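Dumped final-v3.csv below, it's CSV, C-alpha atoms and all ligand atoms:
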```
chain,number,residue,atom,x,y,z
R,89,MET,CA,-36.1,-14.8,33.9
R,90,ASN,CA,-33.0,-16.2,35.5
R,91,GLY,CA,-30.6,-13.9,37.3
R,92,THR,CA,-31.0,-10.4,38.5
R,93,THR,CA,-30.9,-7.2,36.4
R,94,ASN,CA,-27.4,-6.7,37.7
R,95,ASP,CA,-26.3,-10.1,36.6
R,96,ILE,CA,-27.6,-9.4,33.1
R,97,MET,CA,-25.9,-6.0,33.0
R,98,ARG,CA,-22.5,-7.5,33.8
R,99,ASP,CA,-22.8,-10.1,31.1
R,100,GLN,CA,-23.4,-8.9,27.6
R,101,ASP,CA,-22.6,-12.2,25.9
R,102,ARG,CA,-25.8,-14.0,26.8
R,103,PHE,CA,-29.6,-13.6,27.4
R,104,PRO,CA,-31.4,-14.9,30.4
R,105,THR,CA,-32.5,-17.9,28.3
R,106,GLY,CA,-31.5,-19.4,25.0
R,107,VAL,CA,-33.3,-18.2,21.9
R,108,PHE,CA,-34.5,-20.1,18.8
R,109,THR,CA,-34.9,-18.0,15.7
R,110,VAL,CA,-36.0,-19.2,12.3
R,111,SER,CA,-35.7,-17.1,9.2
R,112,LEU,CA,-36.8,-18.1,5.7
R,113,ASP,CA,-36.0,-16.5,2.3
R,114,PHE,CA,-39.2,-16.6,0.3
R,115,GLU,CA,-38.6,-15.8,-3.4
R,116,LEU,CA,-40.3,-18.3,-5.8
R,117,LEU,CA,-38.2,-18.2,-9.0
R,118,TRP,CA,-36.5,-14.8,-8.3
R,119,GLY,CA,-33.5,-16.4,-6.7
R,120,THR,CA,-32.6,-18.3,-9.9
R,121,ILE,CA,-34.2,-16.1,-12.5
R,122,ASP,CA,-30.7,-15.1,-13.9
R,123,ARG,CA,-29.3,-18.6,-13.8
R,124,SER,CA,-29.3,-21.6,-16.1
R,125,SER,CA,-30.7,-23.7,-13.2
R,126,ARG,CA,-33.9,-21.7,-13.4
R,127,ASN,CA,-35.8,-24.3,-15.4
R,128,SER,CA,-34.9,-27.2,-13.1
R,129,PHE,CA,-36.0,-25.0,-10.2
R,130,ARG,CA,-39.5,-24.5,-11.5
R,131,ARG,CA,-40.6,-28.0,-10.3
R,132,LEU,CA,-39.3,-27.2,-6.8
R,133,CYS,CA,-41.2,-23.9,-6.8
R,134,ALA,CA,-44.4,-25.7,-7.9
R,135,GLU,CA,-44.1,-27.9,-4.8
R,136,GLU,CA,-43.3,-24.9,-2.7
R,137,ARG,CA,-46.5,-23.2,-3.7
R,138,ALA,CA,-48.7,-26.3,-3.6
R,139,THR,CA,-47.6,-27.9,-0.3
R,140,ILE,CA,-44.4,-26.6,1.4
R,141,VAL,CA,-45.7,-23.2,2.5
R,142,ASP,CA,-48.8,-24.7,4.1
R,143,GLY,CA,-46.7,-27.5,5.6
R,144,LEU,CA,-44.5,-25.0,7.3
R,145,LEU,CA,-47.4,-22.8,8.5
R,146,ASP,CA,-49.0,-25.9,10.0
R,147,LEU,CA,-45.8,-26.7,11.9
R,148,PHE,CA,-45.3,-23.1,13.0
R,149,ARG,CA,-48.9,-23.0,14.3
R,150,GLU,CA,-48.6,-26.3,16.1
R,151,PHE,CA,-45.3,-25.4,17.8
R,152,ARG,CA,-46.3,-21.7,18.3
R,153,LEU,CA,-43.2,-20.5,16.5
R,154,PRO,CA,-43.1,-16.9,15.1
R,155,ALA,CA,-40.8,-17.3,12.1
R,156,THR,CA,-39.4,-14.4,10.0
R,157,TRP,CA,-40.2,-14.7,6.3
R,158,CYS,CA,-37.9,-12.5,4.2
R,159,VAL,CA,-39.8,-11.9,1.0
R,160,VAL,CA,-38.7,-10.7,-2.4
R,161,GLY,CA,-40.6,-7.5,-3.0
R,162,GLN,CA,-42.2,-8.5,-6.3
R,163,LEU,CA,-44.1,-11.3,-4.5
R,164,PHE,CA,-46.2,-8.5,-2.9
R,165,LEU,CA,-47.4,-7.2,-6.3
R,166,ASP,CA,-49.8,-7.9,-9.1
R,167,PRO,CA,-48.0,-8.8,-12.3
R,168,GLU,CA,-48.8,-5.4,-14.0
R,169,ALA,CA,-47.5,-3.4,-11.1
R,170,ALA,CA,-44.3,-5.6,-10.9
R,171,ILE,CA,-43.6,-5.3,-14.7
R,172,ALA,CA,-44.0,-1.5,-14.4
R,173,ALA,CA,-41.6,-1.4,-11.4
R,174,ARG,CA,-39.0,-3.5,-13.2
R,175,ARG,CA,-39.2,-1.1,-16.2
R,176,ARG,CA,-38.5,1.8,-13.9
R,177,LEU,CA,-35.5,0.1,-12.4
R,178,ARG,CA,-34.0,-0.7,-15.9
R,179,SER,CA,-31.7,2.3,-16.1
R,180,GLY,CA,-28.1,3.3,-15.4
R,181,ALA,CA,-26.0,0.4,-14.1
R,182,ARG,CA,-29.0,-1.9,-14.5
R,183,SER,CA,-29.8,-1.2,-18.1
R,184,ASN,CA,-28.9,-4.7,-19.1
R,185,ASP,CA,-29.9,-6.6,-16.0
R,186,SER,CA,-31.5,-9.9,-17.0
R,187,ARG,CA,-33.6,-9.8,-13.8
R,188,LEU,CA,-35.6,-6.9,-15.3
R,189,GLY,CA,-37.0,-8.7,-18.3
R,190,ASP,CA,-40.7,-9.3,-18.9
R,191,PHE,CA,-40.7,-13.1,-18.3
R,192,SER,CA,-43.8,-13.6,-20.4
R,193,GLY,CA,-42.9,-17.3,-20.8
R,194,LEU,CA,-43.4,-17.9,-17.1
R,195,ALA,CA,-46.8,-18.3,-15.3
R,196,LYS,CA,-47.7,-15.5,-13.0
R,197,GLU,CA,-47.9,-17.9,-9.9
R,198,GLU,CA,-44.2,-18.6,-10.5
R,199,LEU,CA,-43.3,-15.0,-9.9
R,200,TYR,CA,-45.9,-13.4,-7.7
R,201,ALA,CA,-47.6,-14.5,-4.5
R,202,ARG,CA,-49.9,-12.0,-2.8
R,203,ASP,CA,-52.2,-15.0,-1.9
R,204,LEU,CA,-49.3,-16.9,-0.2
R,205,VAL,CA,-48.1,-13.8,1.6
R,206,ARG,CA,-51.6,-13.2,2.9
R,207,ARG,CA,-51.8,-16.8,4.1
R,208,ILE,CA,-48.5,-16.4,6.0
R,209,TYR,CA,-49.7,-13.1,7.5
R,210,ASP,CA,-53.0,-14.7,8.5
R,211,CYS,CA,-51.3,-17.6,10.4
R,212,PRO,CA,-52.9,-17.7,13.9
R,213,VAL,CA,-49.4,-17.7,15.4
R,214,PRO,CA,-48.2,-14.3,14.0
R,215,GLN,CA,-45.4,-14.6,11.5
R,216,GLU,CA,-43.0,-11.7,10.8
R,217,ILE,CA,-42.8,-10.6,7.2
R,218,GLY,CA,-39.4,-9.1,6.3
R,219,GLY,CA,-37.6,-8.1,3.1
R,220,HIS,CA,-35.2,-9.9,0.7
R,221,GLY,CA,-34.6,-7.2,-1.9
R,222,PHE,CA,-37.1,-6.3,-4.7
R,223,THR,CA,-35.6,-8.3,-7.6
R,224,HIS,CA,-33.1,-10.4,-5.7
R,225,LEU,CA,-30.1,-8.4,-7.0
R,226,PRO,CA,-27.2,-9.3,-4.8
R,227,PHE,CA,-26.1,-6.1,-3.0
R,228,THR,CA,-22.4,-6.7,-3.8
R,229,ASP,CA,-23.1,-7.1,-7.6
R,230,PRO,CA,-21.3,-4.4,-9.6
R,231,MET,CA,-24.7,-3.3,-10.9
R,232,CYS,CA,-25.8,-2.7,-7.4
R,233,THR,CA,-24.5,0.9,-7.0
R,234,ALA,CA,-25.8,2.9,-4.0
R,235,GLU,CA,-28.4,4.4,-6.3
R,236,ALA,CA,-29.5,1.0,-7.5
R,237,ALA,CA,-29.6,-0.4,-3.9
R,238,ALA,CA,-31.7,2.6,-2.8
R,239,ALA,CA,-34.1,2.0,-5.7
R,240,GLU,CA,-34.4,-1.7,-4.8
R,241,LEU,CA,-35.2,-0.8,-1.2
R,242,ALA,CA,-37.6,2.0,-2.1
R,243,GLN,CA,-39.5,-0.4,-4.4
R,244,LEU,CA,-39.5,-3.2,-1.8
R,245,GLN,CA,-40.9,-0.8,0.8
R,246,ALA,CA,-43.7,0.5,-1.6
R,247,SER,CA,-44.6,-3.1,-2.6
R,248,ALA,CA,-44.9,-4.2,1.1
R,249,ARG,CA,-47.0,-1.1,1.8
R,250,SER,CA,-49.4,-2.2,-0.9
R,251,MET,CA,-50.3,-5.1,1.5
R,252,ASN,CA,-50.2,-2.8,4.6
R,253,LEU,CA,-46.9,-4.3,5.7
R,254,VAL,CA,-44.0,-2.5,7.3
R,255,LEU,CA,-40.7,-4.4,7.0
R,256,LYS,CA,-38.2,-4.4,9.9
R,257,SER,CA,-36.0,-7.4,9.2
R,258,PHE,CA,-33.9,-8.1,6.1
R,259,ALA,CA,-32.0,-11.0,4.6
R,260,PHE,CA,-29.6,-10.0,1.8
R,261,PRO,CA,-30.0,-11.8,-1.5
R,262,ARG,CA,-27.4,-14.6,-1.5
R,263,ASN,CA,-26.4,-13.3,1.9
R,264,ARG,CA,-24.1,-10.7,0.3
R,265,VAL,CA,-24.0,-7.9,2.9
R,266,ALA,CA,-23.5,-4.3,1.6
R,267,HIS,CA,-25.2,-0.9,1.7
R,268,THR,CA,-26.1,-1.4,5.3
R,269,ALA,CA,-26.5,2.4,5.9
R,270,LEU,CA,-29.3,2.4,3.4
R,271,LEU,CA,-31.1,-0.4,5.3
R,272,ALA,CA,-31.0,1.7,8.4
R,273,LYS,CA,-32.3,4.7,6.5
R,274,PHE,CA,-35.2,2.6,5.3
R,275,GLY,CA,-36.2,1.7,8.8
R,276,TYR,CA,-34.9,-1.8,9.2
R,277,ALA,CA,-34.1,-2.9,12.7
R,278,ILE,CA,-32.0,-6.0,12.0
R,279,PHE,CA,-30.5,-8.1,9.1
R,280,ARG,CA,-29.1,-11.6,8.8
R,281,CYS,CA,-25.4,-11.7,8.1
R,282,GLN,CA,-23.2,-14.5,6.9
R,283,ASP,CA,-23.4,-17.7,8.9
R,284,ALA,CA,-20.9,-17.9,11.7
R,285,SER,CA,-19.2,-21.1,10.3
R,286,TRP,CA,-15.8,-20.5,8.6
R,287,HIS,CA,-17.2,-22.0,5.3
R,288,HIS,CA,-19.8,-19.2,5.1
R,289,GLN,CA,-17.5,-16.3,6.0
R,290,THR,CA,-16.8,-15.4,2.4
R,291,ASN,CA,-18.5,-13.7,-0.5
R,292,ARG,CA,-16.9,-16.1,-3.0
R,293,ARG,CA,-17.8,-19.7,-2.0
R,294,GLY,CA,-15.5,-22.2,-3.6
R,295,TRP,CA,-15.3,-26.0,-3.5
R,296,LYS,CA,-13.4,-26.1,-0.2
R,297,HIS,CA,-16.2,-24.1,1.4
R,298,ARG,CA,-18.9,-26.4,0.0
R,299,LEU,CA,-16.9,-29.5,1.0
R,300,GLY,CA,-16.4,-28.0,4.6
R,301,HIS,CA,-20.1,-27.4,4.9
R,302,ALA,CA,-21.0,-30.9,3.7
R,303,TRP,CA,-18.5,-32.4,6.1
R,304,ASP,CA,-20.0,-30.5,9.0
R,305,ILE,CA,-23.4,-32.0,8.1
R,306,VAL,CA,-22.1,-35.6,7.6
R,307,ARG,CA,-20.5,-35.6,11.0
R,308,ALA,CA,-23.3,-33.6,12.6
R,309,ALA,CA,-20.8,-31.0,13.9
R,310,PRO,CA,-22.3,-28.6,16.5
R,311,PRO,CA,-23.4,-25.4,14.7
R,312,PRO,CA,-22.3,-22.1,16.2
R,313,VAL,CA,-24.7,-20.3,18.6
R,314,VAL,CA,-24.7,-16.5,18.0
R,315,MET,CA,-25.6,-13.2,19.5
R,316,PRO,CA,-27.0,-10.1,17.7
R,317,ALA,CA,-24.5,-7.3,17.5
R,318,ARG,CA,-25.0,-3.6,16.9
R,319,HIS,CA,-23.8,-2.6,13.4
R,320,PRO,CA,-21.9,0.7,13.1
R,321,ASP,CA,-24.8,1.9,10.9
R,322,GLY,CA,-27.1,1.6,13.9
R,323,LEU,CA,-29.2,-1.5,13.2
R,324,TRP,CA,-28.7,-5.0,14.5
R,325,GLN,CA,-27.0,-7.9,12.7
R,326,VAL,CA,-27.3,-11.5,13.6
R,327,PRO,CA,-25.5,-14.3,11.8
R,328,GLY,CA,-27.2,-17.6,10.8
R,329,SER,CA,-26.2,-20.6,12.8
R,330,MET,CA,-27.2,-23.3,10.4
R,331,LEU,CA,-28.8,-23.7,7.0
R,332,PHE,CA,-31.4,-26.5,6.9
R,333,THR,CA,-29.5,-27.8,3.9
R,334,PRO,CA,-31.6,-29.0,1.0
R,335,ALA,CA,-31.5,-32.6,-0.1
R,336,ARG,CA,-30.4,-31.6,-3.6
R,337,GLY,CA,-27.5,-33.0,-5.7
R,338,VAL,CA,-24.8,-34.7,-3.7
R,339,ARG,CA,-26.3,-33.5,-0.5
R,340,SER,CA,-29.3,-35.8,-1.0
R,341,ALA,CA,-27.0,-38.6,0.0
R,342,ILE,CA,-26.7,-37.2,3.5
R,343,PRO,CA,-29.5,-38.5,5.7
R,344,VAL,CA,-32.0,-35.9,6.9
R,345,ALA,CA,-31.3,-37.3,10.4
R,346,ARG,CA,-27.8,-35.8,10.3
R,347,ARG,CA,-29.3,-32.3,9.8
R,348,VAL,CA,-31.7,-32.9,12.7
R,349,GLU,CA,-28.8,-34.1,14.9
R,350,ARG,CA,-26.9,-30.9,14.2
R,351,ALA,CA,-29.9,-28.7,14.9
R,352,VAL,CA,-30.6,-30.4,18.2
R,353,LYS,CA,-27.0,-29.8,19.2
R,354,GLY,CA,-27.5,-26.1,18.3
R,355,LEU,CA,-30.7,-25.9,20.3
R,356,GLU,CA,-29.1,-27.5,23.4
R,357,ALA,CA,-26.0,-25.2,23.1
R,358,ALA,CA,-28.3,-22.2,22.9
R,359,ALA,CA,-30.3,-23.3,26.0
R,360,GLU,CA,-27.1,-23.9,27.9
R,361,SER,CA,-25.3,-20.7,26.9
R,362,GLY,CA,-28.1,-18.2,26.7
R,363,ARG,CA,-27.3,-17.5,23.1
R,364,VAL,CA,-29.2,-17.8,19.8
R,365,PHE,CA,-29.6,-20.8,17.6
R,366,HIS,CA,-30.6,-19.2,14.2
R,367,LEU,CA,-31.9,-21.7,11.7
R,368,TRP,CA,-32.6,-20.5,8.2
R,369,PHE,CA,-33.6,-21.9,4.8
R,370,HIS,CA,-35.8,-21.4,1.7
R,371,PRO,CA,-39.1,-23.1,1.6
R,372,THR,CA,-37.9,-24.7,-1.7
R,373,ASP,CA,-35.0,-26.3,0.3
R,374,LEU,CA,-37.7,-28.7,1.7
R,375,ALA,CA,-39.0,-29.6,-1.8
R,376,PRO,CA,-36.9,-32.6,-2.7
R,377,LYS,CA,-37.8,-35.3,-0.1
R,378,SER,CA,-40.4,-33.0,1.3
R,379,ALA,CA,-42.1,-35.5,3.6
R,380,GLU,CA,-38.7,-36.4,5.1
R,381,MET,CA,-37.5,-32.8,5.3
R,382,LEU,CA,-40.8,-31.6,7.0
R,383,GLY,CA,-40.6,-34.6,9.3
R,384,GLY,CA,-37.0,-33.6,10.2
R,385,LEU,CA,-38.1,-30.0,10.9
R,386,ARG,CA,-40.9,-31.4,13.1
R,387,GLN,CA,-38.3,-33.3,15.2
R,388,ILE,CA,-36.2,-30.1,15.5
R,389,LEU,CA,-39.3,-28.2,16.7
R,390,GLN,CA,-40.2,-31.0,19.2
R,391,CYS,CA,-36.7,-30.6,20.8
R,392,ALA,CA,-37.1,-26.8,20.8
R,393,ARG,CA,-40.5,-27.1,22.4
R,394,HIS,CA,-39.2,-29.4,25.1
R,395,LEU,CA,-36.5,-26.9,26.0
R,396,ARG,CA,-39.0,-24.0,26.0
R,397,ASP,CA,-41.3,-26.0,28.3
R,398,GLU,CA,-38.3,-26.3,30.7
R,399,GLY,CA,-37.9,-22.5,30.6
R,400,LYS,CA,-34.5,-22.7,28.9
R,401,LEU,CA,-35.4,-21.4,25.4
R,402,GLN,CA,-37.6,-18.7,23.9
R,403,PHE,CA,-38.8,-18.6,20.3
R,404,MET,CA,-38.3,-15.2,18.7
R,405,SER,CA,-38.7,-13.6,15.3
R,406,MET,CA,-35.7,-11.5,14.1
R,407,GLN,CA,-37.5,-8.3,14.9
R,408,SER,CA,-38.2,-9.5,18.5
R,409,LEU,CA,-34.6,-10.5,18.8
R,410,ALA,CA,-33.5,-6.9,17.8
R,411,GLN,CA,-35.9,-5.5,20.4
R,412,MET,CA,-34.5,-7.8,23.1
R,413,ALA,CA,-30.9,-7.1,22.1
R,414,ALA,CA,-31.6,-3.3,22.4
R,415,VAL,CA,-33.1,-3.8,25.9
R,416,PHE,CA,-30.0,-5.8,27.1
R,417,SER,CA,-27.4,-3.7,25.3
R,418,GLN,CA,-24.9,-1.4,26.9
R,419,GLU,CA,-26.7,1.7,25.9
R,420,SER,CA,-29.9,0.6,27.7
R,421,GLN,CA,-28.1,0.0,31.0
R,422,PRO,CA,-29.0,3.4,32.5
R,423,VAL,CA,-32.7,2.6,31.8
R,424,LEU,CA,-32.3,-0.9,33.4
R,425,ALA,CA,-30.4,0.7,36.3
R,426,ALA,CA,-33.1,3.3,36.8
R,427,ALA,CA,-35.8,0.6,36.8
R,428,ALA,CA,-33.8,-1.5,39.3
R,429,GLY,CA,-33.4,1.6,41.5
R,430,ARG,CA,-37.2,2.3,41.5
R,431,SER,CA,-38.0,-1.3,42.5
R,432,GLU,CA,-35.8,-1.2,45.6
R,501,ZN,ZN,-32.6,-15.5,-1.9
```
The structure in this file should be written as structure tokens.
Ligand SMILES: [Zn+2]
Amino acid sequence: MNGTTNDIMRDQDRFPTGVFTVSLDFELLWGTIDRSSRNSFRRLCAEERATIVDGLLDLFREFRLPATWCVVGQLFLDPEAAIAARRRLRSGARSNDSRLGDFSGLAKEELYARDLVRRIYDCPVPQEIGGHGFTHLPFTDPMCTAEAAAAELAQLQASARSMNLVLKSFAFPRNRVAHTALLAKFGYAIFRCQDASWHHQTNRRGWKHRLGHAWDIVRAAPPPVVMPARHPDGLWQVPGSMLFTPARGVRSAIPVARRVERAVKGLEAAAESGRVFHLWFHPTDLAPKSAEMLGGLRQILQCARHLRDEGKLQFMSMQSLAQMAAVFSQESQPVLAAAAGRSE
């Protein structure tokens, strides 16, 4: 580590080295189940299941990167258990929620993924499994009352337990942050909040936000580097720095190289400033142009590894980031001071 304990204690805005964190939202069809785009999304999900997850795990193993996979709870379950759970959730504010249907027209591998979760868990470079809601109900949706949010979280927790998993990190469905006190109650240590760029700082994204985001990719604008912050409800929050934007729709016209260029700027800024470059995406985001997109991610990881080899960057899951933030936070200073005192 660079610097003495006292240096670190004086400066709360940085860690001793930069940090690279990758979080993924893993949801198969649940992210679009209530949308008309669901059918066109099925092809991307098929590619996600067949090749993308394995392609990502190969990269994370090769580059020794412990990523955080935030999983929709139903993926942990067998179809029968998931259908029963959805039936239990279909009451009160959610009586007419289209996410709680029976989806008998869809194949089970489009909705459930115990095998893939197991493969992620078994990766020789340990991956963190986090949560992404149980049915992907956005927490700011009018149907998501405190009661409905608690039921989502309880069901998510029980589903993860069926695979002996305890979840400590959370990504909100569609990044809509709400009911954070409940997250703390369910034992989460950290959640991902809205990206730090201005065009993500809203719960209602309009054309100007989308255009601003596209423009940042086109000109490879440096993404923000961030720090975890203690939320008033007691857990940690960390914004995203950059979405590894899918090559879908008009965004397919933007070369993958621009995305790589942006990410490299983020990694270099993190290494220089002792802050966090937090890259996030969905595995399906790599589905169109998958060879190019996985190749782009490889280039990002090569740059990150180079900085790590120079001692300027650490790779951390979201949970590890929360643990490190707690160690370096104000409230831990007496502990650090006592440790420093003992060593003298
Ligand atoms: Zn999602």
A straight line from CA of Asp229 in chain R to CA of Cys158 in chain R spans 19.7 Å
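Environment of (-45.9, -1.9, -5.7): residues at most 6 Å away, judged by only C-alpha atoms, are Leu165, Ala169, Ala246, Ser247 and Ser250 of chain R.
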Which of these residues is nearest to Met404 in chain R, using all atoms listed in the file: R:Met231, R:Met330, R:Ala155, R:Leu389?
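Comparing R:Met231, R:Met330, R:Ala155, R:Leu389 against Met404 in chain R, the winner is R:Ala155.
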From the list R:Leu153, R:Cys133, R:Ala284, R:Val159, which residue is nearest ligand ZN 501 (chain R) when using all atoms listed in the file?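 That would be R:Val159, the residue with the smallest distance to ligand ZN 501 (chain R).
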Expected selection as a list in words for ligand ZN 501 (chain R) within 6 Å, only C-alpha atoms and all ligand atoms: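 Every residue with an atom at most 6 Å from ligand ZN 501 (chain R) is listed here: Asp113, Gly119, Pro261 and Arg262 of chain R.
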What separates CA of Ser183 in chain R and CA of Ile171 in chain R is a distance of 14.8 Å
CA of Leu385 in chain R and CA of Glu136 in chain R are how many Å apart?
->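 Taking CA of Leu385 in chain R and CA of Glu136 in chain R, their separation equals 15.4 Å.
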Out of R:Phe403, R:Gly193, R:His301, R:Arg318, which residue has the shortest atom-to-atom distance to Arg339 in chain R when counting all atoms listed in the file?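 Of R:Phe403, R:Gly193, R:His301, R:Arg318, the one nearest Arg339 in chain R is R:His301, counting all atoms listed in the file.
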**Message:** From the options R:Phe274, R:Leu144, R:Ser340, R:Ser128, which residue's atoms come nearest to Gly383 in chain R, counting all atoms listed in the file?
**Reply:**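 Checking each candidate against Gly383 in chain R, we get R:Leu144 as the closest.
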Inset, instruction - Excluding Ala259 in chain R and any residue of its chain fewer than 6 positions from it, enumerate the residues within 7 Å of it, using all atoms listed in the file, and give them as a list in words. - result: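 Counting all atoms listed in the file, the residues come to Cys158, Gly219, His220, Phe279 and Arg280 of chain R.
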Dump of C-alpha atoms for the selected residues, as a PDB file, keeping the file's coordinate frame:
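selection.pdb written:
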```
ATOM      1  CA  CYS R 158     -37.900 -12.500   4.200  1.00  0.00           C
ATOM      2  CA  GLY R 219     -37.600  -8.100   3.100  1.00  0.00           C
ATOM      3  CA  HIS R 220     -35.200  -9.900   0.700  1.00  0.00           C
ATOM      4  CA  PHE R 279     -30.500  -8.100   9.100  1.00  0.00           C
ATOM      5  CA  ARG R 280     -29.100 -11.600   8.800  1.00  0.00           C
TER       6      ARG R 280
END
```
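Among R:Val213, R:Ile208, R:Leu271, R:Cys281, the residue with the shortest atom-to-atom distance to Gln245 in chain R, counting all atoms listed in the file, is R:Leu271.
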| query | Looking at only C-alpha atoms, which of R:Pro226, R:Phe365, R:Gln243, R:Gln215 is the one that sits closest to Phe260 in chain R? | reply |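 Ranked by minimum distance to Phe260 in chain R, first place goes to R:Pro226.
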Quiz prompt | Selection near Thr120 in chain R, 10 Å with all atoms listed in the file, sequence-local residues under 4 positions removed, as a PyMOL selection string | solution = chain R and resi 115-116+124-130+187+224
Task: All residues 9 Å or closer to Gly189 in chain R, all atoms listed in the file, same chain fewer than 2 positions away omitted, as a ChimeraX atom specification - done: /R:171,174-175,178,185-187,191-192
Test item: write range 196-216 of chain R with N, CA and C atoms as a PDB file, in the first residue's frame:
```pdb
ATOM      1  N   LYS R 196     -38.492 -23.143 -20.374  1.00  0.00           N
ATOM      2  CA  LYS R 196     -38.023 -22.915 -19.000  1.00  0.00           C
ATOM      3  C   LYS R 196     -36.613 -22.325 -18.967  1.00  0.00           C
ATOM      4  N   GLU R 197     -35.779 -22.669 -19.966  1.00  0.00           N
ATOM      5  CA  GLU R 197     -34.408 -22.115 -19.947  1.00  0.00           C
ATOM      6  C   GLU R 197     -34.388 -20.620 -20.285  1.00  0.00           C
ATOM      7  N   GLU R 198     -35.539 -20.075 -20.730  1.00  0.00           N
ATOM      8  CA  GLU R 198     -35.591 -18.631 -20.966  1.00  0.00           C
ATOM      9  C   GLU R 198     -35.861 -17.862 -19.670  1.00  0.00           C
ATOM     10  N   LEU R 199     -36.290 -18.582 -18.640  1.00  0.00           N
ATOM     11  CA  LEU R 199     -36.719 -17.926 -17.400  1.00  0.00           C
ATOM     12  C   LEU R 199     -35.942 -18.366 -16.160  1.00  0.00           C
ATOM     13  N   TYR R 200     -35.328 -19.533 -16.210  1.00  0.00           N
ATOM     14  CA  TYR R 200     -34.683 -20.084 -15.014  1.00  0.00           C
ATOM     15  C   TYR R 200     -33.266 -20.540 -15.360  1.00  0.00           C
ATOM     16  N   ALA R 201     -32.371 -20.530 -14.374  1.00  0.00           N
ATOM     17  CA  ALA R 201     -30.969 -20.759 -14.752  1.00  0.00           C
ATOM     18  C   ALA R 201     -30.103 -21.286 -13.612  1.00  0.00           C
ATOM     19  N   ARG R 202     -30.653 -22.255 -12.855  1.00  0.00           N
ATOM     20  CA  ARG R 202     -29.836 -22.797 -11.752  1.00  0.00           C
ATOM     21  C   ARG R 202     -28.490 -23.321 -12.272  1.00  0.00           C
ATOM     22  N   ASP R 203     -28.506 -23.918 -13.478  1.00  0.00           N
ATOM     23  CA  ASP R 203     -27.262 -24.470 -14.031  1.00  0.00           C
ATOM     24  C   ASP R 203     -26.242 -23.362 -14.305  1.00  0.00           C
ATOM     25  N   LEU R 204     -26.724 -22.244 -14.851  1.00  0.00           N
ATOM     26  CA  LEU R 204     -25.782 -21.148 -15.157  1.00  0.00           C
ATOM     27  C   LEU R 204     -25.276 -20.482 -13.880  1.00  0.00           C
ATOM     28  N   VAL R 205     -26.170 -20.324 -12.893  1.00  0.00           N
ATOM     29  CA  VAL R 205     -25.727 -19.732 -11.621  1.00  0.00           C
ATOM     30  C   VAL R 205     -24.659 -20.631 -11.002  1.00  0.00           C
ATOM     31  N   ARG R 206     -24.872 -21.942 -11.079  1.00  0.00           N
ATOM     32  CA  ARG R 206     -23.893 -22.882 -10.521  1.00  0.00           C
ATOM     33  C   ARG R 206     -22.546 -22.730 -11.237  1.00  0.00           C
ATOM     34  N   ARG R 207     -22.629 -22.557 -12.569  1.00  0.00           N
ATOM     35  CA  ARG R 207     -21.386 -22.409 -13.343  1.00  0.00           C
ATOM     36  C   ARG R 207     -20.642 -21.127 -12.937  1.00  0.00           C
ATOM     37  N   ILE R 208     -21.409 -20.063 -12.719  1.00  0.00           N
ATOM     38  CA  ILE R 208     -20.787 -18.800 -12.285  1.00  0.00           C
ATOM     39  C   ILE R 208     -20.135 -19.001 -10.915  1.00  0.00           C
ATOM     40  N   TYR R 209     -20.886 -19.659 -10.025  1.00  0.00           N
ATOM     41  CA  TYR R 209     -20.397 -19.886  -8.664  1.00  0.00           C
ATOM     42  C   TYR R 209     -19.141 -20.757  -8.667  1.00  0.00           C
ATOM     43  N   ASP R 210     -19.094 -21.705  -9.603  1.00  0.00           N
ATOM     44  CA  ASP R 210     -17.963 -22.647  -9.656  1.00  0.00           C
ATOM     45  C   ASP R 210     -16.737 -22.095 -10.377  1.00  0.00           C
ATOM     46  N   CYS R 211     -16.799 -20.890 -10.869  1.00  0.00           N
ATOM     47  CA  CYS R 211     -15.649 -20.302 -11.562  1.00  0.00           C
ATOM     48  C   CYS R 211     -14.415 -20.363 -10.645  1.00  0.00           C
ATOM     49  N   PRO R 212     -13.274 -20.833 -11.145  1.00  0.00           N
ATOM     50  CA  PRO R 212     -12.083 -20.948 -10.289  1.00  0.00           C
ATOM     51  C   PRO R 212     -11.645 -19.609  -9.680  1.00  0.00           C
ATOM     52  N   VAL R 213     -11.957 -18.506 -10.344  1.00  0.00           N
ATOM     53  CA  VAL R 213     -11.738 -17.188  -9.719  1.00  0.00           C
ATOM     54  C   VAL R 213     -13.081 -16.797  -9.116  1.00  0.00           C
ATOM     55  N   PRO R 214     -13.200 -16.824  -7.768  1.00  0.00           N
ATOM     56  CA  PRO R 214     -14.525 -16.696  -7.156  1.00  0.00           C
ATOM     57  C   PRO R 214     -15.267 -15.441  -7.619  1.00  0.00           C
ATOM     58  N   GLN R 215     -16.497 -15.663  -8.069  1.00  0.00           N
ATOM     59  CA  GLN R 215     -17.377 -14.583  -8.503  1.00  0.00           C
ATOM     60  C   GLN R 215     -18.359 -14.305  -7.372  1.00  0.00           C
ATOM     61  N   GLU R 216     -18.760 -13.056  -7.206  1.00  0.00           N
ATOM     62  CA  GLU R 216     -19.772 -12.745  -6.199  1.00  0.00           C
ATOM     63  C   GLU R 216     -21.163 -12.861  -6.825  1.00  0.00           C
TER      64      GLU R 216
END
```
